[in-house]
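To keep things clear, I will list the structure first and then write my remarks on it.
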Amino acid sequence: MENRISGTTGLLALIGSPVGHSGSPAMYNYSFQKLGLDYVYAAFDITTEDVGKAVEAMRLFKMRGINVTMPDKTEAVRYMDALSPAAQIIGAVNTIVNDDGVLTGHITDGEGFVNNLRDHGIEIAGKKITVAGGGGAATAIQVQCALDGAREISIFNIKDEFFERTLQTAEKIRNAKPECVVNVYDIADEAKMKEEIASSDIFTNATIVGMKPMDGESVVKDVSAFRPGLVVCDAVYNPKKTRLLREAEEAGCICVGGEGMLLWQGAAAFKLYTGRDMPVEEVKEKFFQNT
């Protein structure tokens, strides 16, 4: 690594909290080196309160880009000069591109989710999907699934001060894709979640439940709705096999971990930063052997 860092090396980074477990630095730095690109990628633990300072530092250090992870994705929107169409609809960003001081926010999470499923031979079109979560990643998944032809989406989120935003997201999806049925429920309603999972083709957790330090927890309390043939996904990628995926696997479900979503959303961001295609197959072989 030190042999390729020079006075001209461009800096990219991940911000969020926590980020110590992230596989993004290894993935990006390997890809830069593989393609001979003069960039280096780091990770910084940034809480929501300090997102503005991080964006200011991005401008100051003329960083080419920043990836944004939980819980900073919605806060980062406030500091953008421009937003991609998807980021504008969703109200969150996970990729910031710096073009000579003009910062544009993008969201590639939904694309990463859909491409990860496709990489496992699973298509969204015509399917019913139940999603736990209403944050940036969850919203991106919901929007992308609707755009890709999901017939029905059931959203479960915490009924707190942000619940209204989830209702607004559902309405935006209905307006954009009126043929897609969208419902929103309180995540505390375990009976309703069980009912919706039972009638779904795909269930995904897009909350932080399952991520350290909540790695012993699952967003699904009643696993009796799990069954052979149900696709169960987790956006959490560390640990690789969350409690949700372990219990789903025991029930005979088709399980898809979050690492592949990380890979494919990262590949989309890589293209935005560099204009080049990430060497996906090499990256997959080196870092994502179990995706």
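By convention here, the chains of the structure tokens are called A, B, ... in the order presented, each chain's residues are numbered starting at 1, and ligands are numbered starting at 1 in the order presented.
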
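Residues in contact with A:Asp186 at 9 Å, where only C-alpha atoms are counted and same-chain residues fewer than 2 positions away are skipped, are listed as Ile155, Phe156, Asn157, Ile158, Lys159, Phe163, Val184, Ala188, Asp189, Glu190, Lys192 and Met193 of chain A.
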
Listing only residues of stretch 102-138 of chain A within 7 Å of stretch 86-92 of chain A, what is the closest atom pair and its distance in Å (to one decimal) for each, using only C-alpha atoms, sorted by chain and residue number ascending, as JSON lines?
{"residue": "A:Gly105", "atom": "CA", "partner": "A:Ala87", "partner_atom": "CA", "distance": 6.7}
{"residue": "A:His106", "atom": "CA", "partner": "A:Ala87", "partner_atom": "CA", "distance": 5.4}
{"residue": "A:Ile107", "atom": "CA", "partner": "A:Ala87", "partner_atom": "CA", "distance": 5.3}
{"residue": "A:Gly136", "atom": "CA", "partner": "A:Ala92", "partner_atom": "CA", "distance": 5.2}

Output C-alpha atoms of each residue in that selection to a file, as a short mmCIF file (atom, residue, chain, number, x, y, z; two decimals), in the first residue's frame.
data_model
loop_
_atom_site.label_atom_id
_atom_site.label_comp_id
_atom_site.auth_asym_id
_atom_site.auth_seq_id
_atom_site.Cartn_x
_atom_site.Cartn_y
_atom_site.Cartn_z
CA GLY A 105 -25.26 12.82 -3.73
CA HIS A 106 -26.25 9.45 -5.18
CA ILE A 107 -27.89 6.32 -3.75
CA GLY A 136 -31.78 5.19 3.68
#

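Considering only C-alpha atoms, the residue among A:Ala82, A:Val181, A:Ala42, A:Val19 positioned nearest to A:Lys212 is A:Val19.
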
**Asked** Between A:Val236, A:Ala150, A:Val223, A:Met278, which is the closest to A:Gly23 once you count only C-alpha atoms?
**Response** A:Val236

**Message:** DSSP on the backbone, helix (DSSP H, G or I) only: what residues of stretch 69-282 of chain A does that give? Format it as a count of residues only.
**Reply:** 87

Compile a residue-level contact table for stretch 93-129 of chain A against stretch 255-262 of chain A at a cut-off of 8 Å, reporting for every qualifying residue the shortest atom pair and its distance in Å to one decimal, with only C-alpha atoms counted, rows ordered by chain and ascending number, as CSV.
residue,atom,partner,partner_atom,distance
A:Asp109,CA,A:Met261,CA,7.3
A:Gly112,CA,A:Met261,CA,4.7
A:Phe113,CA,A:Met261,CA,4.9
A:Val114,CA,A:Met261,CA,8.0
A:Asn115,CA,A:Met261,CA,7.4
A:Asn116,CA,A:Gly260,CA,5.2
A:Leu117,CA,A:Val256,CA,7.4
A:His120,CA,A:Val256,CA,7.9

**Message:** Using only C-alpha atoms, which protein or nucleic acid residues come within 12 Å of A:Asp81? Drop anything in the same chain fewer than 5 positions from it, and give the result as a PyMOL selection string.
**Reply:** chain A and resi 55+59+76+88+96-106

**Request:** Write out as a ChimeraX atom specification the residues lying within 9 Å of stretch 283-286 of chain A, counting only C-alpha atoms and excluding same-chain residues fewer than 4 positions away.
**Result:** /A:27-28,30-31,260,263,278-279,290-291

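Atom to atom, atom CA of A:Ala132 and atom CA of A:Val77 stand 22.3 Å apart.
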
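What separates atom CA of A:Thr207 from atom CA of A:Ala54 is a distance of 23.6 Å.
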
As a CSV table (one decimal) with C-alpha atoms, in the first residue's frame, which residues of stretch 26-172 of chain A does DSSP assign to strand (DSSP E)?
chain,number,residue,atom,x,y,z
A,39,TYR,CA,-6.5,6.7,-5.2
A,40,VAL,CA,-6.5,5.4,-1.6
A,41,TYR,CA,-9.6,4.7,0.5
A,42,ALA,CA,-10.0,5.0,4.3
A,43,ALA,CA,-12.9,4.7,6.8
A,44,PHE,CA,-13.8,7.3,9.4
A,45,ASP,CA,-16.2,6.8,12.3
A,65,GLY,CA,-15.7,10.9,-3.1
A,66,ILE,CA,-17.2,9.6,0.1
A,67,ASN,CA,-19.4,6.5,0.7
A,68,VAL,CA,-22.0,7.1,3.5
A,82,ALA,CA,-27.1,18.4,-6.2
A,83,LEU,CA,-28.8,15.0,-5.9
A,95,THR,CA,-22.3,8.0,-2.4
A,96,ILE,CA,-21.0,11.6,-2.7
A,97,VAL,CA,-19.0,12.6,-5.8
A,98,ASN,CA,-16.8,15.8,-5.7
A,99,ASP,CA,-16.5,17.4,-9.1
A,102,VAL,CA,-19.6,20.5,-6.5
A,103,LEU,CA,-20.9,17.7,-4.4
A,104,THR,CA,-23.5,15.4,-5.9
A,105,GLY,CA,-25.3,12.8,-3.7
A,106,HIS,CA,-26.3,9.4,-5.2
A,128,LYS,CA,-44.1,-9.6,-3.3
A,129,ILE,CA,-41.4,-8.3,-0.9
A,130,THR,CA,-41.6,-7.5,2.8
A,131,VAL,CA,-38.9,-5.0,4.0
A,132,ALA,CA,-38.0,-4.3,7.6
A,152,GLU,CA,-46.4,-5.7,-3.8
A,153,ILE,CA,-44.2,-4.2,-1.1
A,154,SER,CA,-44.9,-4.4,2.6
A,155,ILE,CA,-42.8,-2.0,4.8
A,156,PHE,CA,-42.4,-2.4,8.5
A,157,ASN,CA,-40.8,0.4,10.5
